[in-house]
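K.L.:
Can you read through this structure? Questions will come right after.
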Amino acid sequence: MTDLETRVTPGRPGALRRAAPALLGYAAVRALGLLALAVWSAARDKSAYTLLTARWDSLWYTRVAELGYGYEVRLPGGDVHSNLAFFPLLPWLERLGAAVTPLSHADAGFVVAVLASLAAAWGIFAVADHVYGRRAGVCAVLLWAVLPVGIVQSMAYSESLFTALAAWSLYAVLTGRWVTAGALAALAGLTRPVGLAVTAAVWAAGITAFVRNRSAASPDGARGPEGAPAGGARLVLGLLLAPLGAAGYVLWVGHRTGKGPLGYLDVQAGWGNGFDGGVAFARFVAAKFTSFPSALAGVGLVVGVALLIRLYAVCVRQRQPLALLVYSGLVAVLALCASSYFGSKPRLLMPAFPLLLPLALALARLRTSRSALVVGGVAVASAVYGALWLNGSGPP
C-alpha cells in the first residue's frame, strides 16, 4: 500500500507504456461485450450497430449534429421534449467527424465514443495510479469496464466523452496543472449537465490549495515553489476557466428560449427532469414494495443505494483527495436525487469512477490469478447482461 497522500509526478516518462496493461484489459472487456451484443442481436434479427448508434439519446445527438438546435417533440400530455436539453460537445465532434471523413454523423458518434472510452480508461488509470499505485490503477479500469451498464461506454452517448474529460481534469488537479484542469472542466461542462461536479471538484481543490499556500508563506511574504506568483496566477486562471462551458451553454439556452438564466431548467422540466432531493426516486422505490415479485426489485434498489453510500464512506475513510470526493459525491447526488427517468440512473452513475477505488484496492491485494478469475467472471456476466439489456428496454 502506497502513501494515500497525493504524489505530484508531472511528466512521468513512459506513461502510455505504464498504462498499457489497463488499456489492453479494458479493450478486451469491451470487445467481449460487443461480441455478446452482436451474437444476441443476430439471434433476435436485430442490428447491434443500430442499437449502439441510432436509438434513444444517440438519435437526438445526431439530429443536433445534422440540423442544429431547435427541434422539439410535443407530447399529448403537454410536455415538450426539446433537443436543447442535450449539451453540444458530442454533436460538435460528430459534425466535425462527418465533415473531415466519409463517416455519417452516427458513425462519427460511434468513433468518438470508442476513442473517448479508451481516453476515459487511461484517465481513470492515471488517477488511481497516481493515488494508489499501478496495480490499483489497472484494477480500477477493469472494474469500470465490467460495470453492468458498461455497454453504454461503446454507444454514441456522451458518458464516455464526459468521463474522459472528468478523469483527466481530476488528474490535472492532482498533479497541480490548474489551467489544464480548468480547461478540461469547461469542456466537461459542454458535454453533460453533471459537468457541475467537475467544476466543483476543481474549485474545492483549488481553493484549498490557495489557502494552504498562503498559510505556508513565510512571515516576510516569501513563498515556496507551489505558492509562487506564477503558480497562483495559473491556479486562479484554472478556476475561472472551469465553469465557462456549462455556464456558457446554460446562458445561451436561456437567451434562445427567452426565459433568462434559468431557461435551461424549463427545458429539462419539459423532459420531466428536475432536482427534488430524491423524493421521486424514493416514491419509485417504495412503489416496488406494493406487490410481488416487484418487491424483489425494490430490495435490489435499496441494497444498491446502500452500497453506494457505503463505498463513499470508505472513500472518505481512506482519505481520497478532496477533488475525487467532491466529484464522485456530486455525481451520485445529482443522479439519485433527480426526478429523471429511473431506468437511466445506473448509466448516470457510471462517471463516478472514484467510488470504485476501494474495490480496486481490495482486488489489487489478491493474487493475480484470483483477481483475473474475479474480473473474468464479472466481465462475462456484464457482457451477457449488456446484450440482453440493449436488446430489451435498453438505456433511455
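All residue names refer to the C-alpha cells as shown: chains lettered A, B, ... in order, residues numbered from 1 in each chain, ligands numbered from 1 in order.
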What lies within 8 Å of segment 337-344 of chain A using only C-alpha atoms, ignoring chain neighbours under 6 positions off, as a VMD selection string?
P.N.:
chain A and resid 271 to 281 284 395 to 396
K.L.:
Compile the contact shell of Thr50 of chain A as a list in words: residues with an atom at most 12 Å away, counting only C-alpha atoms, same-chain residues fewer than 6 positions apart removed.
P.N.:
Leu37, Ala38, Ser41, Ala42, Trp56, Ser58, Leu59, Ala106, Asp107, Phe110, Met155, Ala156, Leu390 and Asn391 of chain A
K.L.:
Choose the residue, out of A:Arg18, A:Val326, A:Gly109, A:Leu196, that has the smallest atom-to-atom separation from Arg63 of chain A; count only C-alpha atoms.
P.N.:
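Closest residue, counting only C-alpha atoms: A:Gly109.
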K.L.:
Using only C-alpha atoms, can you tell me which of A:Ala247, A:Leu336, A:Val80, A:Ala352 comes closest to Phe162 of chain A?
P.N.:
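Using only C-alpha atoms, the shortest distance to Phe162 of chain A belongs to A:Ala352.
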K.L.:
Give the answer as one residue: which of A:Ala295, A:Ala181, A:Leu357, A:Cys139 has the shortest atom-to-atom distance to Tyr26 of chain A, using only C-alpha atoms?
P.N.:
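The answer is A:Cys139, which sits nearest to Tyr26 of chain A.
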K.L.:
Would you mind listing what lies within 9 Å of Lys288 of chain A as a ChimeraX atom specification, with only C-alpha atoms counted and same-chain residues fewer than 5 positions away left out?
P.N.:
/A:283,293-299
K.L.:
Deliver the residues from the most recent selection as a file, using all heavy atoms, as a compact mmCIF listing (two decimals), in the first residue's frame.
P.N.:
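File produced: result.txt:
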```
# COMPACT_ATOMS: atom_id res chain seq x y z
N ARG A 283 -40.16 7.52 -3.87
CA ARG A 283 -41.52 7.05 -4.14
C ARG A 283 -41.50 5.89 -5.15
O ARG A 283 -42.27 4.94 -5.01
CB ARG A 283 -42.36 8.20 -4.69
CG ARG A 283 -42.71 9.27 -3.65
CD ARG A 283 -43.41 10.45 -4.30
NE ARG A 283 -43.80 11.45 -3.31
CZ ARG A 283 -44.24 12.66 -3.62
NH1 ARG A 283 -44.36 13.01 -4.90
NH2 ARG A 283 -44.56 13.51 -2.66
N PRO A 293 -43.68 -10.02 -7.80
CA PRO A 293 -42.26 -10.02 -7.37
C PRO A 293 -41.55 -8.68 -7.50
O PRO A 293 -40.33 -8.63 -7.37
CB PRO A 293 -41.65 -11.02 -8.35
CG PRO A 293 -42.43 -10.84 -9.60
CD PRO A 293 -43.84 -10.52 -9.18
N SER A 294 -42.30 -7.58 -7.77
CA SER A 294 -41.61 -6.29 -7.91
C SER A 294 -40.91 -5.89 -6.62
O SER A 294 -39.96 -5.09 -6.65
CB SER A 294 -42.61 -5.21 -8.33
OG SER A 294 -43.56 -4.98 -7.30
N ALA A 295 -41.35 -6.46 -5.50
CA ALA A 295 -40.68 -6.17 -4.23
C ALA A 295 -39.22 -6.59 -4.26
O ALA A 295 -38.37 -5.97 -3.60
CB ALA A 295 -41.41 -6.85 -3.07
N LEU A 296 -38.92 -7.62 -5.03
CA LEU A 296 -37.52 -8.05 -5.15
C LEU A 296 -36.68 -6.96 -5.81
O LEU A 296 -35.52 -6.73 -5.43
CB LEU A 296 -37.43 -9.35 -5.95
CG LEU A 296 -38.14 -10.57 -5.33
CD1 LEU A 296 -38.03 -11.76 -6.26
CD2 LEU A 296 -37.52 -10.89 -3.97
N ALA A 297 -37.27 -6.30 -6.81
CA ALA A 297 -36.57 -5.18 -7.45
C ALA A 297 -36.38 -4.05 -6.45
O ALA A 297 -35.33 -3.38 -6.45
CB ALA A 297 -37.35 -4.70 -8.67
N GLY A 298 -37.39 -3.83 -5.61
CA GLY A 298 -37.26 -2.80 -4.58
C GLY A 298 -36.13 -3.09 -3.62
O GLY A 298 -35.36 -2.20 -3.25
N VAL A 299 -36.01 -4.35 -3.22
CA VAL A 299 -34.91 -4.73 -2.34
C VAL A 299 -33.57 -4.49 -3.03
O VAL A 299 -32.62 -3.98 -2.43
CB VAL A 299 -35.04 -6.21 -1.92
CG1 VAL A 299 -33.79 -6.67 -1.18
CG2 VAL A 299 -36.28 -6.41 -1.06
```
K.L.:
Let's see if you can do this: from backbone DSSP, list all helix (DSSP H, G or I) residues in segment 9-173 of chain A, as an MDAnalysis selection string.
P.N.:
chainID A and resid 15:43 48:53 57:67 83:85 89:100 105:132 134:145 150:154 159:173
K.L.:
Can you work out which one of A:Ala65, A:Leu52, A:Ala164, A:Leu35 has the shortest atom-to-atom distance to Trp92 of chain A, counting only C-alpha atoms?
P.N.:
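Answer, going by the shortest atom-to-atom distance: A:Ala65.
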K.L.:
Excluding Ala205 of chain A and its own-chain neighbours fewer than 3 positions away, which residues fall within 12 Å of it when counting only C-alpha atoms? Please give them as a JSON list (two decimals) with N, CA, C and O atoms, in the first residue's frame.
P.N.:
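The new file around09.json reads:
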```json
[["chain", "number", "residue", "atom", "x", "y", "z"],
["A", 6, "THR", "N", -1.62, 12.57, -1.99],
["A", 6, "THR", "CA", -1.37, 12.81, -3.41],
["A", 6, "THR", "C", 0.12, 13.00, -3.66],
["A", 6, "THR", "O", 0.80, 13.72, -2.95],
["A", 169, "SER", "N", -9.27, 15.88, -16.09],
["A", 169, "SER", "CA", -9.32, 17.13, -15.32],
["A", 169, "SER", "C", -8.93, 16.86, -13.86],
["A", 169, "SER", "O", -8.15, 17.62, -13.26],
["A", 170, "LEU", "N", -9.45, 15.78, -13.30],
["A", 170, "LEU", "CA", -9.11, 15.44, -11.92],
["A", 170, "LEU", "C", -7.63, 15.09, -11.80],
["A", 170, "LEU", "O", -6.97, 15.45, -10.81],
["A", 171, "TYR", "N", -7.09, 14.39, -12.80],
["A", 171, "TYR", "CA", -5.67, 14.08, -12.77],
["A", 171, "TYR", "C", -4.84, 15.37, -12.83],
["A", 171, "TYR", "O", -3.81, 15.50, -12.15],
["A", 172, "ALA", "N", -5.28, 16.32, -13.64],
["A", 172, "ALA", "CA", -4.57, 17.60, -13.71],
["A", 172, "ALA", "C", -4.62, 18.31, -12.37],
["A", 172, "ALA", "O", -3.63, 18.93, -11.95],
["A", 173, "VAL", "N", -5.74, 18.22, -11.67],
["A", 173, "VAL", "CA", -5.82, 18.80, -10.32],
["A", 173, "VAL", "C", -4.81, 18.13, -9.40],
["A", 173, "VAL", "O", -4.06, 18.79, -8.66],
["A", 174, "LEU", "N", -4.78, 16.80, -9.42],
["A", 174, "LEU", "CA", -3.89, 16.06, -8.52],
["A", 174, "LEU", "C", -2.42, 16.34, -8.78],
["A", 174, "LEU", "O", -1.59, 16.25, -7.87],
["A", 175, "THR", "N", -2.08, 16.70, -10.01],
["A", 175, "THR", "CA", -0.69, 16.96, -10.36],
["A", 175, "THR", "C", -0.39, 18.45, -10.47],
["A", 175, "THR", "O", 0.68, 18.83, -10.95],
["A", 176, "GLY", "N", -1.32, 19.31, -10.05],
["A", 176, "GLY", "CA", -1.06, 20.74, -9.98],
["A", 176, "GLY", "C", -1.10, 21.46, -11.30],
["A", 176, "GLY", "O", -0.58, 22.58, -11.40],
["A", 177, "ARG", "N", -1.72, 20.90, -12.31],
["A", 177, "ARG", "CA", -1.83, 21.56, -13.62],
["A", 177, "ARG", "C", -3.18, 22.29, -13.68],
["A", 177, "ARG", "O", -4.15, 21.80, -14.26],
["A", 178, "TRP", "N", -3.25, 23.44, -13.11],
["A", 178, "TRP", "CA", -4.53, 24.10, -12.86],
["A", 178, "TRP", "C", -5.18, 24.61, -14.14],
["A", 178, "TRP", "O", -6.41, 24.52, -14.28],
["A", 181, "ALA", "N", -6.60, 21.64, -15.87],
["A", 181, "ALA", "CA", -7.77, 21.17, -15.12],
["A", 181, "ALA", "C", -8.99, 22.03, -15.42],
["A", 181, "ALA", "O", -10.10, 21.51, -15.65],
["A", 182, "GLY", "N", -8.80, 23.34, -15.44],
["A", 182, "GLY", "CA", -9.92, 24.23, -15.71],
["A", 182, "GLY", "C", -10.43, 24.11, -17.13],
["A", 182, "GLY", "O", -11.65, 24.13, -17.37],
["A", 198, "VAL", "N", -17.49, 18.38, -11.96],
["A", 198, "VAL", "CA", -16.07, 18.58, -12.27],
["A", 198, "VAL", "C", -15.65, 19.99, -11.86],
["A", 198, "VAL", "O", -14.59, 20.18, -11.24],
["A", 199, "THR", "N", -16.47, 20.97, -12.19],
["A", 199, "THR", "CA", -16.17, 22.34, -11.79],
["A", 199, "THR", "C", -16.06, 22.46, -10.28],
["A", 199, "THR", "O", -15.12, 23.09, -9.76],
["A", 200, "ALA", "N", -17.00, 21.86, -9.56],
["A", 200, "ALA", "CA", -16.96, 21.92, -8.09],
["A", 200, "ALA", "C", -15.70, 21.27, -7.54],
["A", 200, "ALA", "O", -15.10, 21.76, -6.58],
["A", 201, "ALA", "N", -15.28, 20.16, -8.15],
["A", 201, "ALA", "CA", -14.07, 19.48, -7.70],
["A", 201, "ALA", "C", -12.84, 20.36, -7.91],
["A", 201, "ALA", "O", -11.97, 20.45, -7.04],
["A", 202, "VAL", "N", -12.76, 21.00, -9.08],
["A", 202, "VAL", "CA", -11.63, 21.88, -9.36],
["A", 202, "VAL", "C", -11.61, 23.05, -8.38],
["A", 202, "VAL", "O", -10.57, 23.41, -7.82],
["A", 208, "THR", "N", -8.66, 25.13, -1.66],
["A", 208, "THR", "CA", -7.89, 24.51, -0.58],
["A", 208, "THR", "C", -6.40, 24.71, -0.79],
["A", 208, "THR", "O", -5.65, 25.03, 0.15],
["A", 209, "ALA", "N", -5.93, 24.52, -2.04],
["A", 209, "ALA", "CA", -4.52, 24.72, -2.34],
["A", 209, "ALA", "C", -4.11, 26.17, -2.13],
["A", 209, "ALA", "O", -3.02, 26.45, -1.61],
["A", 210, "PHE", "N", -4.97, 27.09, -2.52],
["A", 210, "PHE", "CA", -4.67, 28.51, -2.36],
["A", 210, "PHE", "C", -4.52, 28.88, -0.89],
["A", 210, "PHE", "O", -3.58, 29.55, -0.48],
["A", 211, "VAL", "N", -5.46, 28.41, -0.09],
["A", 211, "VAL", "CA", -5.41, 28.70, 1.35],
["A", 211, "VAL", "C", -4.18, 28.06, 1.97],
["A", 211, "VAL", "O", -3.48, 28.67, 2.80],
["A", 212, "ARG", "N", -3.87, 26.83, 1.58],
["A", 212, "ARG", "CA", -2.70, 26.14, 2.13],
["A", 212, "ARG", "C", -1.42, 26.87, 1.76],
["A", 212, "ARG", "O", -0.52, 27.02, 2.59],
["A", 235, "LEU", "N", -3.38, 28.97, -11.04],
["A", 235, "LEU", "CA", -4.48, 28.41, -10.25],
["A", 235, "LEU", "C", -5.74, 29.24, -10.45],
["A", 235, "LEU", "O", -6.82, 28.70, -10.71],
["A", 236, "VAL", "N", -5.61, 30.55, -10.33],
["A", 236, "VAL", "CA", -6.78, 31.42, -10.50],
["A", 236, "VAL", "C", -7.35, 31.30, -11.90],
["A", 236, "VAL", "O", -8.57, 31.24, -12.09],
["A", 238, "GLY", "N", -7.18, 28.72, -13.87],
["A", 238, "GLY", "CA", -7.87, 27.44, -13.94],
["A", 238, "GLY", "C", -9.25, 27.50, -13.32],
["A", 238, "GLY", "O", -10.23, 26.96, -13.86],
["A", 239, "LEU", "N", -9.35, 28.17, -12.16],
["A", 239, "LEU", "CA", -10.65, 28.29, -11.51],
["A", 239, "LEU", "C", -11.62, 29.11, -12.34],
["A", 239, "LEU", "O", -12.83, 28.81, -12.38],
["A", 321, "PRO", "N", -8.22, 12.05, -2.16],
["A", 321, "PRO", "CA", -8.06, 13.50, -2.36],
["A", 321, "PRO", "C", -9.41, 14.20, -2.45],
["A", 321, "PRO", "O", -10.39, 13.64, -2.95],
["A", 322, "LEU", "N", -9.43, 15.43, -1.96],
["A", 322, "LEU", "CA", -10.69, 16.18, -1.88],
["A", 322, "LEU", "C", -11.38, 16.28, -3.23],
["A", 322, "LEU", "O", -12.61, 16.16, -3.31],
["A", 323, "ALA", "N", -10.64, 16.48, -4.30],
["A", 323, "ALA", "CA", -11.26, 16.63, -5.62],
["A", 323, "ALA", "C", -12.05, 15.39, -6.00],
["A", 323, "ALA", "O", -13.16, 15.49, -6.55],
["A", 324, "LEU", "N", -11.53, 14.21, -5.69],
["A", 324, "LEU", "CA", -12.24, 12.97, -6.02],
["A", 324, "LEU", "C", -13.50, 12.83, -5.18],
["A", 324, "LEU", "O", -14.54, 12.39, -5.68],
["A", 325, "LEU", "N", -13.41, 13.17, -3.90],
["A", 325, "LEU", "CA", -14.58, 13.06, -3.02],
["A", 325, "LEU", "C", -15.70, 14.01, -3.46],
["A", 325, "LEU", "O", -16.87, 13.63, -3.49],
["A", 326, "VAL", "N", -15.34, 15.24, -3.79],
["A", 326, "VAL", "CA", -16.35, 16.21, -4.22],
["A", 326, "VAL", "C", -16.98, 15.75, -5.53],
["A", 326, "VAL", "O", -18.21, 15.78, -5.70],
["A", 327, "TYR", "N", -16.15, 15.32, -6.46],
["A", 327, "TYR", "CA", -16.65, 14.91, -7.77],
["A", 327, "TYR", "C", -17.60, 13.72, -7.66],
["A", 327, "TYR", "O", -18.74, 13.78, -8.13]]
```
K.L.:
I want to know what sits within 10 Å of Val267 of chain A, based on only C-alpha atoms, with residues of the same chain fewer than 2 positions away left out; could you give that as a list of chain:residue names?
P.N.:
A:Asp79, A:Val80, A:His81, A:Ser82, A:Asn83, A:Leu84, A:Ala85, A:Phe86, A:Val253, A:Gly254, A:Thr257, A:Lys259, A:Leu262, A:Gly263, A:Tyr264, A:Leu265, A:Ala269, A:Gly270, A:Trp271, A:Gly272, A:Asn273, A:Gly274
K.L.:
Could you check which of A:Leu187, A:Val378, A:Ala108, A:Ala286 is closest to Gly33 of chain A, using only C-alpha atoms?
P.N.:
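For Gly33 of chain A, the nearest of the candidates is A:Val378.
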K.L.:
Name all residues at most 8 Å from Leu90 of chain A (count only C-alpha atoms; drop same-chain ones fewer than 2 positions away) and give them as a list in words.
P.N.:
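After dropping sequence-adjacent residues, the list is Tyr61, Phe87, Pro88, Trp92, Leu93, Glu94, Gly109, Val112, Ser158, Leu161 and Thr191 of chain A.
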